[in-house]
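This is run.pdb (PDB, C-alpha atoms).
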```pdb
ATOM      1  CA  MET A 194     122.822 107.391  80.573  1.00  0.00           C
ATOM      2  CA  THR A 195     123.963 110.946  81.131  1.00  0.00           C
ATOM      3  CA  GLU A 196     123.323 111.693  84.783  1.00  0.00           C
ATOM      4  CA  LEU A 197     121.458 114.760  85.988  1.00  0.00           C
ATOM      5  CA  SER A 198     122.002 116.070  89.483  1.00  0.00           C
ATOM      6  CA  LEU A 199     119.320 115.577  92.109  1.00  0.00           C
ATOM      7  CA  GLN A 200     118.875 118.337  94.644  1.00  0.00           C
ATOM      8  CA  SER A 201     115.870 119.468  96.593  1.00  0.00           C
ATOM      9  CA  ALA A 202     114.200 122.721  95.608  1.00  0.00           C
ATOM     10  CA  ALA A 203     113.921 124.894  98.720  1.00  0.00           C
ATOM     11  CA  SER A 204     111.635 127.623  97.391  1.00  0.00           C
ATOM     12  CA  THR A 205     108.695 128.042  95.037  1.00  0.00           C
ATOM     13  CA  SER A 206     110.820 129.885  92.485  1.00  0.00           C
ATOM     14  CA  ALA A 207     113.452 127.149  92.598  1.00  0.00           C
ATOM     15  CA  ALA A 208     110.814 124.437  92.146  1.00  0.00           C
ATOM     16  CA  VAL A 209     109.189 126.241  89.215  1.00  0.00           C
ATOM     17  CA  GLY A 210     112.563 126.928  87.642  1.00  0.00           C
ATOM     18  CA  ARG A 211     113.689 123.332  87.971  1.00  0.00           C
ATOM     19  CA  LEU A 212     110.445 122.057  86.437  1.00  0.00           C
ATOM     20  CA  LYS A 213     110.834 124.448  83.519  1.00  0.00           C
ATOM     21  CA  ASP A 214     114.497 123.600  82.959  1.00  0.00           C
ATOM     22  CA  ALA A 215     114.629 119.853  83.549  1.00  0.00           C
ATOM     23  CA  GLY A 216     111.026 118.664  83.415  1.00  0.00           C
ATOM     24  CA  TYR A 217     111.119 117.414  86.996  1.00  0.00           C
ATOM     25  CA  VAL A 218     111.860 118.615  90.501  1.00  0.00           C
ATOM     26  CA  PHE A 219     112.479 116.784  93.783  1.00  0.00           C
ATOM     27  CA  MET A 220     111.390 118.315  97.080  1.00  0.00           C
ATOM     28  CA  ALA A 221     112.463 117.034 100.487  1.00  0.00           C
ATOM     29  CA  MET A 222     109.794 116.824 103.188  1.00  0.00           C
ATOM     30  CA  ALA A 223     110.618 120.144 104.863  1.00  0.00           C
ATOM     31  CA  ASP A 224     110.949 121.960 101.551  1.00  0.00           C
ATOM     32  CA  ALA A 225     107.641 120.570 100.268  1.00  0.00           C
ATOM     33  CA  ALA A 226     105.863 121.612 103.466  1.00  0.00           C
ATOM     34  CA  SER A 227     107.264 125.132 103.182  1.00  0.00           C
ATOM     35  CA  ILE A 228     106.574 125.553  99.457  1.00  0.00           C
ATOM     36  CA  LEU A 229     103.039 124.139  99.633  1.00  0.00           C
ATOM     37  CA  HIS A 230     102.190 125.712 103.032  1.00  0.00           C
ATOM     38  CA  ILE A 231     101.084 122.431 104.596  1.00  0.00           C
ATOM     39  CA  ASP A 232     101.355 121.176 108.157  1.00  0.00           C
ATOM     40  CA  LEU A 233     103.452 118.031 108.473  1.00  0.00           C
ATOM     41  CA  ALA A 234     101.776 116.875 111.686  1.00  0.00           C
ATOM     42  CA  SER A 235      98.415 116.921 109.921  1.00  0.00           C
ATOM     43  CA  LEU A 236      99.877 115.018 106.978  1.00  0.00           C
ATOM     44  CA  HIS A 237     101.225 112.334 109.302  1.00  0.00           C
ATOM     45  CA  GLU A 238      97.683 111.818 110.614  1.00  0.00           C
ATOM     46  CA  LEU A 239      96.648 110.608 107.154  1.00  0.00           C
ATOM     47  CA  ARG A 240      99.207 107.793 107.048  1.00  0.00           C
ATOM     48  CA  ALA A 241      96.975 105.281 108.848  1.00  0.00           C
ATOM     49  CA  SER A 242      94.572 105.300 105.888  1.00  0.00           C
ATOM     50  CA  TRP A 243      97.185 103.426 103.831  1.00  0.00           C
ATOM     51  CA  ASP A 244      96.685 100.476 106.209  1.00  0.00           C
ATOM     52  CA  ARG A 245      93.096 100.189 104.955  1.00  0.00           C
ATOM     53  CA  LEU A 246      93.603 100.126 101.190  1.00  0.00           C
ATOM     54  CA  PRO A 247      91.697  97.351  99.381  1.00  0.00           C
ATOM     55  CA  ARG A 248      93.582  94.933  97.166  1.00  0.00           C
ATOM     56  CA  ASP A 249      94.019  95.890  93.503  1.00  0.00           C
ATOM     57  CA  THR A 250      92.192  93.131  91.599  1.00  0.00           C
ATOM     58  CA  TYR A 251      93.121  94.348  88.116  1.00  0.00           C
ATOM     59  CA  LEU A 252      96.808  93.377  87.979  1.00  0.00           C
ATOM     60  CA  ARG A 253      97.319  91.577  84.682  1.00  0.00           C
ATOM     61  CA  ASP A 254     100.666  90.104  85.729  1.00  0.00           C
ATOM     62  CA  GLY A 255      98.845  87.900  88.254  1.00  0.00           C
ATOM     63  CA  GLY A 256     100.461  89.654  91.221  1.00  0.00           C
ATOM     64  CA  LYS A 257      98.965  90.127  94.691  1.00  0.00           C
ATOM     65  CA  TYR A 258     101.319  92.882  95.794  1.00  0.00           C
ATOM     66  CA  ARG A 259      99.322  96.098  95.249  1.00  0.00           C
ATOM     67  CA  SER A 260      96.512  97.789  97.180  1.00  0.00           C
ATOM     68  CA  ARG A 261      94.994 101.132  96.239  1.00  0.00           C
ATOM     69  CA  ARG A 262      92.236 103.734  96.331  1.00  0.00           C
ATOM     70  CA  HIS A 263      91.401 106.348  93.699  1.00  0.00           C
ATOM     71  CA  SER A 264      89.437 109.605  93.672  1.00  0.00           C
ATOM     72  CA  CYS A 265      89.019 112.427  91.158  1.00  0.00           C
ATOM     73  CA  PHE A 266      88.778 116.206  91.430  1.00  0.00           C
ATOM     74  CA  THR A 267      88.776 119.397  89.428  1.00  0.00           C
ATOM     75  CA  GLN A 268      90.725 122.508  90.333  1.00  0.00           C
ATOM     76  CA  ALA A 269      89.522 125.829  88.903  1.00  0.00           C
ATOM     77  CA  PHE A 270      91.598 128.964  88.375  1.00  0.00           C
ATOM     78  CA  PRO A 271      91.993 131.755  89.273  1.00  0.00           C
ATOM     79  CA  SER A 272      89.905 130.846  92.339  1.00  0.00           C
ATOM     80  CA  ASN A 273      92.149 127.825  93.070  1.00  0.00           C
ATOM     81  CA  THR A 274      89.021 125.886  94.080  1.00  0.00           C
ATOM     82  CA  LEU A 275      89.356 122.116  94.473  1.00  0.00           C
ATOM     83  CA  SER A 276      86.128 120.145  93.953  1.00  0.00           C
ATOM     84  CA  SER A 277      85.424 116.411  94.206  1.00  0.00           C
ATOM     85  CA  VAL A 278      83.746 114.741  91.238  1.00  0.00           C
ATOM     86  CA  PRO A 279      81.521 111.644  91.250  1.00  0.00           C
ATOM     87  CA  ARG A 280      83.274 108.278  91.344  1.00  0.00           C
ATOM     88  CA  ARG A 281      84.607 107.314  87.935  1.00  0.00           C
ATOM     89  CA  PRO A 282      86.940 104.647  86.541  1.00  0.00           C
ATOM     90  CA  HIS A 283      90.642 105.055  85.996  1.00  0.00           C
ATOM     91  CA  TRP A 284      91.413 104.586  82.303  1.00  0.00           C
ATOM     92  CA  GLN A 285      94.539 104.920  80.186  1.00  0.00           C
ATOM     93  CA  PRO A 286      95.176 104.176  76.508  1.00  0.00           C
ATOM     94  CA  THR A 287      97.508 101.306  75.632  1.00  0.00           C
ATOM     95  CA  SER A 288      99.922 103.838  74.152  1.00  0.00           C
ATOM     96  CA  TYR A 289     100.717 104.971  77.711  1.00  0.00           C
ATOM     97  CA  ASN A 290     100.113 101.758  79.650  1.00  0.00           C
ATOM     98  CA  ALA A 291     100.746  98.618  77.615  1.00  0.00           C
ATOM     99  CA  LEU A 292      99.886  96.359  80.568  1.00  0.00           C
ATOM    100  CA  HIS A 293      96.636  97.877  81.821  1.00  0.00           C
ATOM    101  CA  GLY A 294      95.687 100.310  79.059  1.00  0.00           C
ATOM    102  CA  GLY A 295      92.234 100.126  77.488  1.00  0.00           C
ATOM    103  CA  LEU A 296      90.718  98.763  80.701  1.00  0.00           C
ATOM    104  CA  GLU A 297      88.191 100.632  82.841  1.00  0.00           C
ATOM    105  CA  ARG A 298      89.378 100.064  86.390  1.00  0.00           C
ATOM    106  CA  TRP A 299      86.943 100.894  89.181  1.00  0.00           C
ATOM    107  CA  PHE A 300      88.747 101.372  92.495  1.00  0.00           C
ATOM    108  CA  GLU A 301      87.266 102.188  95.867  1.00  0.00           C
ATOM    109  CA  PRO A 302      87.438 105.924  96.597  1.00  0.00           C
ATOM    110  CA  VAL A 303      89.770 107.600  99.054  1.00  0.00           C
ATOM    111  CA  GLU A 304      88.180 107.502 102.508  1.00  0.00           C
ATOM    112  CA  SER A 305      85.835 110.363 103.289  1.00  0.00           C
ATOM    113  CA  ASN A 306      87.759 111.421 106.407  1.00  0.00           C
ATOM    114  CA  VAL A 307      90.902 111.815 104.301  1.00  0.00           C
ATOM    115  CA  LEU A 308      89.088 113.836 101.648  1.00  0.00           C
ATOM    116  CA  ALA A 309      87.609 116.077 104.345  1.00  0.00           C
ATOM    117  CA  ALA A 310      90.980 116.851 105.934  1.00  0.00           C
ATOM    118  CA  PRO A 311      92.093 120.419 105.157  1.00  0.00           C
ATOM    119  CA  VAL A 312      95.670 119.201 104.730  1.00  0.00           C
ATOM    120  CA  TRP A 313      94.552 116.886 101.901  1.00  0.00           C
ATOM    121  CA  THR A 314      92.933 119.783 100.067  1.00  0.00           C
ATOM    122  CA  GLY A 315      95.967 121.952 100.725  1.00  0.00           C
ATOM    123  CA  LEU A 316      98.336 119.298  99.389  1.00  0.00           C
ATOM    124  CA  VAL A 317      96.440 118.492  96.184  1.00  0.00           C
ATOM    125  CA  ALA A 318      95.524 122.121  95.449  1.00  0.00           C
ATOM    126  CA  GLY A 319      98.982 123.406  96.382  1.00  0.00           C
ATOM    127  CA  ILE A 320     100.663 121.093  93.891  1.00  0.00           C
ATOM    128  CA  GLY A 321      98.098 122.037  91.252  1.00  0.00           C
ATOM    129  CA  ALA A 322      98.753 125.741  91.822  1.00  0.00           C
ATOM    130  CA  LEU A 323     102.486 125.177  91.403  1.00  0.00           C
ATOM    131  CA  PHE A 324     101.903 123.326  88.126  1.00  0.00           C
ATOM    132  CA  GLU A 325      99.629 126.144  86.972  1.00  0.00           C
ATOM    133  CA  GLN A 326     102.616 128.459  87.179  1.00  0.00           C
ATOM    134  CA  ILE A 327     104.326 126.291  84.568  1.00  0.00           C
ATOM    135  CA  ARG A 328     101.301 125.848  82.318  1.00  0.00           C
ATOM    136  CA  PRO A 329      98.453 128.317  82.944  1.00  0.00           C
ATOM    137  CA  VAL A 330      95.068 126.600  82.649  1.00  0.00           C
ATOM    138  CA  GLU A 331      91.449 127.306  83.487  1.00  0.00           C
ATOM    139  CA  ARG A 332      90.987 123.913  85.133  1.00  0.00           C
ATOM    140  CA  TRP A 333      92.938 120.811  86.142  1.00  0.00           C
ATOM    141  CA  PHE A 334      91.312 117.396  85.980  1.00  0.00           C
ATOM    142  CA  ILE A 335      92.972 115.509  88.816  1.00  0.00           C
ATOM    143  CA  GLU A 336      93.257 111.829  89.731  1.00  0.00           C
ATOM    144  CA  ALA A 337      94.664 110.861  93.132  1.00  0.00           C
ATOM    145  CA  HIS A 338      95.891 107.317  93.754  1.00  0.00           C
ATOM    146  CA  GLN A 339      96.821 105.904  97.151  1.00  0.00           C
ATOM    147  CA  PHE A 340      99.163 102.937  96.613  1.00  0.00           C
ATOM    148  CA  ARG A 341     100.615 100.290  98.890  1.00  0.00           C
ATOM    149  CA  ILE A 342     103.133  97.864  97.376  1.00  0.00           C
ATOM    150  CA  ASP A 343     103.916  94.959  99.704  1.00  0.00           C
ATOM    151  CA  THR A 344     106.359  92.061  99.766  1.00  0.00           C
ATOM    152  CA  ALA A 345     104.162  89.542 101.600  1.00  0.00           C
ATOM    153  CA  ASN A 346     104.444  87.179  98.619  1.00  0.00           C
ATOM    154  CA  GLY A 347     108.002  88.098  97.637  1.00  0.00           C
ATOM    155  CA  ILE A 348     108.676  90.776  95.018  1.00  0.00           C
ATOM    156  CA  GLY A 349     106.501  93.897  94.832  1.00  0.00           C
ATOM    157  CA  ARG A 350     106.375  96.018  91.672  1.00  0.00           C
ATOM    158  CA  PRO A 351     105.557  99.734  92.045  1.00  0.00           C
ATOM    159  CA  THR A 352     105.420 100.168  88.250  1.00  0.00           C
ATOM    160  CA  PRO A 353     104.591  96.802  86.663  1.00  0.00           C
ATOM    161  CA  GLU A 354     104.086  98.570  83.320  1.00  0.00           C
ATOM    162  CA  GLY A 355     107.775  99.588  83.301  1.00  0.00           C
ATOM    163  CA  ALA A 356     109.181 102.980  82.347  1.00  0.00           C
ATOM    164  CA  HIS A 357     106.237 105.066  81.198  1.00  0.00           C
ATOM    165  CA  ARG A 358     104.398 108.347  80.858  1.00  0.00           C
ATOM    166  CA  ASP A 359     100.852 108.740  82.182  1.00  0.00           C
ATOM    167  CA  GLY A 360      99.214 110.690  79.372  1.00  0.00           C
ATOM    168  CA  VAL A 361      98.590 113.761  81.530  1.00  0.00           C
ATOM    169  CA  ASP A 362     100.232 117.172  81.901  1.00  0.00           C
ATOM    170  CA  PHE A 363     101.934 116.740  85.274  1.00  0.00           C
ATOM    171  CA  VAL A 364     102.528 113.978  87.813  1.00  0.00           C
ATOM    172  CA  ALA A 365     103.322 114.153  91.529  1.00  0.00           C
ATOM    173  CA  VAL A 366     104.809 111.070  93.223  1.00  0.00           C
ATOM    174  CA  ILE A 367     104.791 111.450  97.002  1.00  0.00           C
ATOM    175  CA  LEU A 368     106.424 108.944  99.325  1.00  0.00           C
ATOM    176  CA  VAL A 369     104.211 108.337 102.353  1.00  0.00           C
ATOM    177  CA  GLY A 370     106.506 105.750 103.923  1.00  0.00           C
ATOM    178  CA  ARG A 371     108.554 102.593 103.437  1.00  0.00           C
ATOM    179  CA  ARG A 372     109.598  99.893 105.869  1.00  0.00           C
ATOM    180  CA  ASN A 373     111.403  96.530 105.811  1.00  0.00           C
ATOM    181  CA  ILE A 374     112.215  96.702 102.105  1.00  0.00           C
ATOM    182  CA  ARG A 375     115.159  96.878  99.746  1.00  0.00           C
ATOM    183  CA  GLY A 376     114.974  98.379  96.260  1.00  0.00           C
ATOM    184  CA  GLY A 377     112.354 100.818  95.062  1.00  0.00           C
ATOM    185  CA  GLU A 378     114.778 103.021  93.143  1.00  0.00           C
ATOM    186  CA  THR A 379     113.049 105.849  91.282  1.00  0.00           C
ATOM    187  CA  ARG A 380     114.272 106.560  87.760  1.00  0.00           C
ATOM    188  CA  VAL A 381     113.446 109.613  85.666  1.00  0.00           C
ATOM    189  CA  PHE A 382     114.539 109.777  82.030  1.00  0.00           C
ATOM    190  CA  ASP A 383     114.428 112.603  79.511  1.00  0.00           C
ATOM    191  CA  ALA A 384     111.794 111.542  76.962  1.00  0.00           C
ATOM    192  CA  ALA A 385     113.842 113.049  74.114  1.00  0.00           C
ATOM    193  CA  GLY A 386     117.403 112.131  75.044  1.00  0.00           C
ATOM    194  CA  PRO A 387     119.825 110.083  77.146  1.00  0.00           C
ATOM    195  CA  ALA A 388     119.810 112.204  80.303  1.00  0.00           C
ATOM    196  CA  GLY A 389     118.318 110.853  83.499  1.00  0.00           C
ATOM    197  CA  VAL A 390     118.530 110.558  87.252  1.00  0.00           C
ATOM    198  CA  ARG A 391     118.262 107.613  89.658  1.00  0.00           C
ATOM    199  CA  PHE A 392     117.610 107.873  93.378  1.00  0.00           C
ATOM    200  CA  THR A 393     115.698 106.171  96.180  1.00  0.00           C
ATOM    201  CA  MET A 394     112.988 108.123  97.975  1.00  0.00           C
ATOM    202  CA  GLN A 395     113.405 107.526 101.713  1.00  0.00           C
ATOM    203  CA  GLU A 396     111.832 110.451 103.567  1.00  0.00           C
ATOM    204  CA  PRO A 397     108.065 110.505 104.232  1.00  0.00           C
ATOM    205  CA  TRP A 398     106.307 113.295 102.328  1.00  0.00           C
ATOM    206  CA  SER A 399     109.247 113.947 100.043  1.00  0.00           C
ATOM    207  CA  MET A 400     107.943 114.293  96.512  1.00  0.00           C
ATOM    208  CA  LEU A 401     108.881 114.161  92.865  1.00  0.00           C
ATOM    209  CA  LEU A 402     107.000 116.471  90.483  1.00  0.00           C
ATOM    210  CA  MET A 403     107.232 115.794  86.742  1.00  0.00           C
ATOM    211  CA  ASP A 404     106.213 117.292  83.415  1.00  0.00           C
ATOM    212  CA  ASP A 405     104.694 114.176  81.863  1.00  0.00           C
ATOM    213  CA  ALA A 406     105.372 115.263  78.284  1.00  0.00           C
ATOM    214  CA  ARG A 407     109.081 115.698  78.939  1.00  0.00           C
ATOM    215  CA  VAL A 408     110.117 112.771  81.143  1.00  0.00           C
ATOM    216  CA  ILE A 409     109.539 109.050  81.516  1.00  0.00           C
ATOM    217  CA  HIS A 410     109.550 107.478  84.976  1.00  0.00           C
ATOM    218  CA  GLU A 411     109.576 104.143  86.765  1.00  0.00           C
ATOM    219  CA  THR A 412     110.326 102.624  90.163  1.00  0.00           C
ATOM    220  CA  THR A 413     112.231  99.350  90.454  1.00  0.00           C
ATOM    221  CA  PRO A 414     110.796  96.309  92.297  1.00  0.00           C
ATOM    222  CA  ILE A 415     111.035  96.003  96.064  1.00  0.00           C
ATOM    223  CA  GLN A 416     112.108  92.968  98.089  1.00  0.00           C
ATOM    224  CA  PRO A 417     111.565  92.099 101.747  1.00  0.00           C
ATOM    225  CA  ASP A 418     114.357  93.048 104.122  1.00  0.00           C
ATOM    226  CA  ASN A 419     114.332  90.127 106.611  1.00  0.00           C
ATOM    227  CA  GLU A 420     110.539  90.344 106.961  1.00  0.00           C
ATOM    228  CA  PRO A 421     107.655  91.457 104.727  1.00  0.00           C
ATOM    229  CA  GLY A 422     107.547  95.189 104.127  1.00  0.00           C
ATOM    230  CA  VAL A 423     105.622  97.891 102.305  1.00  0.00           C
ATOM    231  CA  ARG A 424     106.137 101.016 100.203  1.00  0.00           C
ATOM    232  CA  ASP A 425     103.285 103.557 100.444  1.00  0.00           C
ATOM    233  CA  THR A 426     102.873 106.400  97.958  1.00  0.00           C
ATOM    234  CA  LEU A 427     100.384 108.992  96.829  1.00  0.00           C
ATOM    235  CA  VAL A 428     100.402 109.623  93.078  1.00  0.00           C
ATOM    236  CA  VAL A 429      98.436 112.624  91.815  1.00  0.00           C
ATOM    237  CA  THR A 430      98.042 113.464  88.114  1.00  0.00           C
ATOM    238  CA  TYR A 431      96.948 116.782  86.599  1.00  0.00           C
ATOM    239  CA  ARG A 432      95.483 117.083  83.090  1.00  0.00           C
ATOM    240  CA  ALA A 433      94.047 120.135  81.341  1.00  0.00           C
ATOM    241  CA  GLY A 434      92.082 118.332  78.616  1.00  0.00           C
ATOM    242  CA  GLY A 435      89.565 116.467  80.759  1.00  0.00           C
ATOM    243  CA  PHE A 436      89.786 113.031  82.341  1.00  0.00           C
ATOM    244  CA  GLN A 437      91.205 110.272  80.185  1.00  0.00           C
ATOM    245  CA  SER A 438      88.460 108.005  78.863  1.00  0.00           C
ATOM    246  CA  PRO A 439      87.738 105.913  75.768  1.00  0.00           C
ATOM    247  CA  GLU A 440      85.567 108.790  74.513  1.00  0.00           C
ATOM    248  CA  SER A 441      88.398 111.334  74.871  1.00  0.00           C
ATOM    249  CA  GLN A 442      90.515 109.306  72.440  1.00  0.00           C
ATOM    250  CA  GLY A 443      87.913 109.345  69.681  1.00  0.00           C
TER
END
```

Rendering of file as structure tokens:
Amino acid sequence: MTELSLQSAASTSAAVGRLKDAGYVFMAMADAASILHIDLASLHELRASWDRLPRDTYLRDGGKYRSRRHSCFTQAFPSNTLSSVPRRPHWQPTSYNALHGGLERWFEPVESNVLAAPVWTGLVAGIGALFEQIRPVERWFIEAHQFRIDTANGIGRPTPEGAHRDGVDFVAVILVGRRNIRGGETRVFDAAGPAGVRFTMQEPWSMLLMDDARVIHETTPIQPDNEPGVRDTLVVTYRAGGFQSPESQG
């Protein structure tokens, strides 16, 4: 694999330029807070909600290592207005998710106190506005996933489907925290060539933004480090053509 360099974008122009050039950009915590104009102290207040995620009952590999919540939004431009939409299932075609594709998965929504926090709106809308600079749209259809991968039963798999694309326009992977684990290496590959980058996200609220048409991504399994541990993330996807559904594939 031809290696690409990994460096944090420290400004909006650098982040946009990196996304345009490479199809992905990494932002360290401080850089992300500056670029997206969000308050880190307020973000830290949201972390406790990851302790209350219900167990994911849809894992087809038989695992008991994942907990999650899921909520959907639209973001309109040029007003940059973020709006919640009624609860709906998460659905992907098998062409993008061979393990769980074709299955309507109904997850519990993100807690209301999290959705009401101004920093949540600022985070989700700020990322959407940055993506809109790459691909101007009238509206993003957004899915936000809170994930906890744990090692209580041994190995935890952040991406049990393997290296994949999500079938959207853009993806944001945000590390909320990790403790008592080994592994969890993030890998990003050029969808059309051998180039790629491998790194391990360590810093809370650091984030990886990706052009889903241009790169494939995965995260390697995690193992307990002396005692059971967890890896918490927020994954947010942005799609211009409506939410993915069986009807949208017709």

Which residues, written as a tab-separated table (two decimals) with C-alpha atoms, keeping the file's coordinate frame, have at least one atom at most 10 Å from Ala310 (chain A), with all atoms listed in the file counted and residues fewer than 2 positions away on the same chain left out?
```tsv
chain	number	residue	atom	x	y	z
A	235	SER	CA	98.42	116.92	109.92
A	236	LEU	CA	99.88	115.02	106.98
A	238	GLU	CA	97.68	111.82	110.61
A	239	LEU	CA	96.65	110.61	107.15
A	305	SER	CA	85.84	110.36	103.29
A	306	ASN	CA	87.76	111.42	106.41
A	307	VAL	CA	90.90	111.82	104.30
A	308	LEU	CA	89.09	113.84	101.65
A	312	VAL	CA	95.67	119.20	104.73
A	313	TRP	CA	94.55	116.89	101.90
A	314	THR	CA	92.93	119.78	100.07
A	315	GLY	CA	95.97	121.95	100.72
```

(request) Give as a ChimeraX atom specification the residues that the PyMOL selection byres ((chain A and resi 395) around 9) matches when applied to the coordinates above. (result) /A:368,370-371,393-394,396-397,399

(request) Could you state which residues are captured by the PyMOL selection byres ((chain A and resi 300) around 7) in this file, as a list in words? (result)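 Selected by the PyMOL selection byres ((chain A and resi 300) around 7) here: Arg262, His263, Arg298, Trp299, Glu301 and Pro302 of chain A.
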
Dump as a PDB file, in the frame of the given file, selection limited to C-alpha atoms:
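Final output, again_16.pdb:
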```
ATOM      1  CA  ARG A 262      92.236 103.734  96.331  1.00  0.00           C
ATOM      2  CA  HIS A 263      91.401 106.348  93.699  1.00  0.00           C
ATOM      3  CA  ARG A 298      89.378 100.064  86.390  1.00  0.00           C
ATOM      4  CA  TRP A 299      86.943 100.894  89.181  1.00  0.00           C
ATOM      5  CA  GLU A 301      87.266 102.188  95.867  1.00  0.00           C
ATOM      6  CA  PRO A 302      87.438 105.924  96.597  1.00  0.00           C
TER       7      PRO A 302
END
```

(request) Kindly resolve the PyMOL selection byres ((chain A and resi 275-280) around 8) on the present coordinates and return the residues as a list in words. (result)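 Applying the expression gives Ser264, Cys265, Phe266, Thr267, Gln268, Ala269, Asn273, Thr274, Arg281, Pro282, Pro302, Thr314 and Ala318 of chain A.
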
(message) Please list as a list of chain:residue names every residue within 12 Å of Asp244 (chain A), counting all atoms listed in the file and excluding residues in the same chain fewer than 2 positions away.
(response)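 Surrounding residues, per the criterion: A:Leu239, A:Arg240, A:Ala241, A:Ser242, A:Leu246, A:Pro247, A:Arg248, A:Ser260, A:Arg261, A:Arg262, A:Glu304, A:Gln339, A:Phe340, A:Arg341, A:Ile342, A:Asp343, A:Val369, A:Gly370, A:Val423, A:Arg424, A:Asp425, A:Thr426.
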
Where atoms are absent from region 239-245 of chain A, fill them in so it carries all heavy atoms, then output it as a PDB file, in the frame of the given file.
```pdb
ATOM      1  N   LEU A 239      97.282 111.316 108.270  1.00  0.00           N
ATOM      2  CA  LEU A 239      96.648 110.608 107.154  1.00  0.00           C
ATOM      3  C   LEU A 239      97.277 109.245 106.886  1.00  0.00           C
ATOM      4  O   LEU A 239      96.686 108.414 106.186  1.00  0.00           O
ATOM      5  CB  LEU A 239      96.738 111.446 105.878  1.00  0.00           C
ATOM      6  CG  LEU A 239      96.124 112.848 105.887  1.00  0.00           C
ATOM      7  CD1 LEU A 239      96.259 113.472 104.496  1.00  0.00           C
ATOM      8  CD2 LEU A 239      94.663 112.804 106.311  1.00  0.00           C
ATOM      9  N   ARG A 240      98.461 108.991 107.431  1.00  0.00           N
ATOM     10  CA  ARG A 240      99.207 107.793 107.048  1.00  0.00           C
ATOM     11  C   ARG A 240      98.473 106.508 107.389  1.00  0.00           C
ATOM     12  O   ARG A 240      98.609 105.502 106.675  1.00  0.00           O
ATOM     13  CB  ARG A 240     100.588 107.803 107.710  1.00  0.00           C
ATOM     14  CG  ARG A 240     101.496 108.892 107.187  1.00  0.00           C
ATOM     15  CD  ARG A 240     102.859 108.899 107.844  1.00  0.00           C
ATOM     16  NE  ARG A 240     103.623 107.690 107.548  1.00  0.00           N
ATOM     17  CZ  ARG A 240     104.887 107.510 107.920  1.00  0.00           C
ATOM     18  NH1 ARG A 240     105.512 108.452 108.623  1.00  0.00           N
ATOM     19  NH2 ARG A 240     105.520 106.398 107.607  1.00  0.00           N
ATOM     20  N   ALA A 241      97.677 106.503 108.450  1.00  0.00           N
ATOM     21  CA  ALA A 241      96.975 105.281 108.848  1.00  0.00           C
ATOM     22  C   ALA A 241      96.001 104.802 107.775  1.00  0.00           C
ATOM     23  O   ALA A 241      95.683 103.607 107.707  1.00  0.00           O
ATOM     24  CB  ALA A 241      96.236 105.501 110.164  1.00  0.00           C
ATOM     25  N   SER A 242      95.531 105.711 106.916  1.00  0.00           N
ATOM     26  CA  SER A 242      94.572 105.300 105.888  1.00  0.00           C
ATOM     27  C   SER A 242      95.201 104.347 104.885  1.00  0.00           C
ATOM     28  O   SER A 242      94.482 103.581 104.233  1.00  0.00           O
ATOM     29  CB  SER A 242      93.986 106.527 105.185  1.00  0.00           C
ATOM     30  OG  SER A 242      94.961 107.209 104.425  1.00  0.00           O
ATOM     31  N   TRP A 243      96.528 104.374 104.738  1.00  0.00           N
ATOM     32  CA  TRP A 243      97.185 103.426 103.831  1.00  0.00           C
ATOM     33  C   TRP A 243      97.105 101.994 104.360  1.00  0.00           C
ATOM     34  O   TRP A 243      97.262 101.047 103.587  1.00  0.00           O
ATOM     35  CB  TRP A 243      98.632 103.845 103.602  1.00  0.00           C
ATOM     36  CG  TRP A 243      98.793 104.759 102.414  1.00  0.00           C
ATOM     37  CD1 TRP A 243      99.221 104.405 101.161  1.00  0.00           C
ATOM     38  CD2 TRP A 243      98.532 106.163 102.343  1.00  0.00           C
ATOM     39  NE1 TRP A 243      99.228 105.495 100.320  1.00  0.00           N
ATOM     40  CE2 TRP A 243      98.815 106.600 101.027  1.00  0.00           C
ATOM     41  CE3 TRP A 243      98.078 107.109 103.268  1.00  0.00           C
ATOM     42  CZ2 TRP A 243      98.661 107.921 100.617  1.00  0.00           C
ATOM     43  CZ3 TRP A 243      97.927 108.425 102.862  1.00  0.00           C
ATOM     44  CH2 TRP A 243      98.213 108.820 101.560  1.00  0.00           C
ATOM     45  N   ASP A 244      96.857 101.823 105.651  1.00  0.00           N
ATOM     46  CA  ASP A 244      96.685 100.476 106.209  1.00  0.00           C
ATOM     47  C   ASP A 244      95.342  99.863 105.818  1.00  0.00           C
ATOM     48  O   ASP A 244      95.124  98.671 106.034  1.00  0.00           O
ATOM     49  CB  ASP A 244      96.775 100.510 107.740  1.00  0.00           C
ATOM     50  CG  ASP A 244      98.146 100.911 108.241  1.00  0.00           C
ATOM     51  OD1 ASP A 244      99.143 100.642 107.535  1.00  0.00           O
ATOM     52  OD2 ASP A 244      98.226 101.497 109.345  1.00  0.00           O
ATOM     53  N   ARG A 245      94.454 100.659 105.256  1.00  0.00           N
ATOM     54  CA  ARG A 245      93.096 100.189 104.955  1.00  0.00           C
ATOM     55  C   ARG A 245      92.801 100.181 103.446  1.00  0.00           C
ATOM     56  O   ARG A 245      91.634 100.200 103.037  1.00  0.00           O
ATOM     57  CB  ARG A 245      92.075 101.076 105.684  1.00  0.00           C
ATOM     58  CG  ARG A 245      92.237 101.048 107.212  1.00  0.00           C
ATOM     59  CD  ARG A 245      91.128 101.807 107.909  1.00  0.00           C
ATOM     60  NE  ARG A 245      91.192 103.250 107.669  1.00  0.00           N
ATOM     61  CZ  ARG A 245      91.892 104.100 108.417  1.00  0.00           C
ATOM     62  NH1 ARG A 245      92.615 103.660 109.440  1.00  0.00           N
ATOM     63  NH2 ARG A 245      91.889 105.401 108.148  1.00  0.00           N
TER      64      ARG A 245
END
```
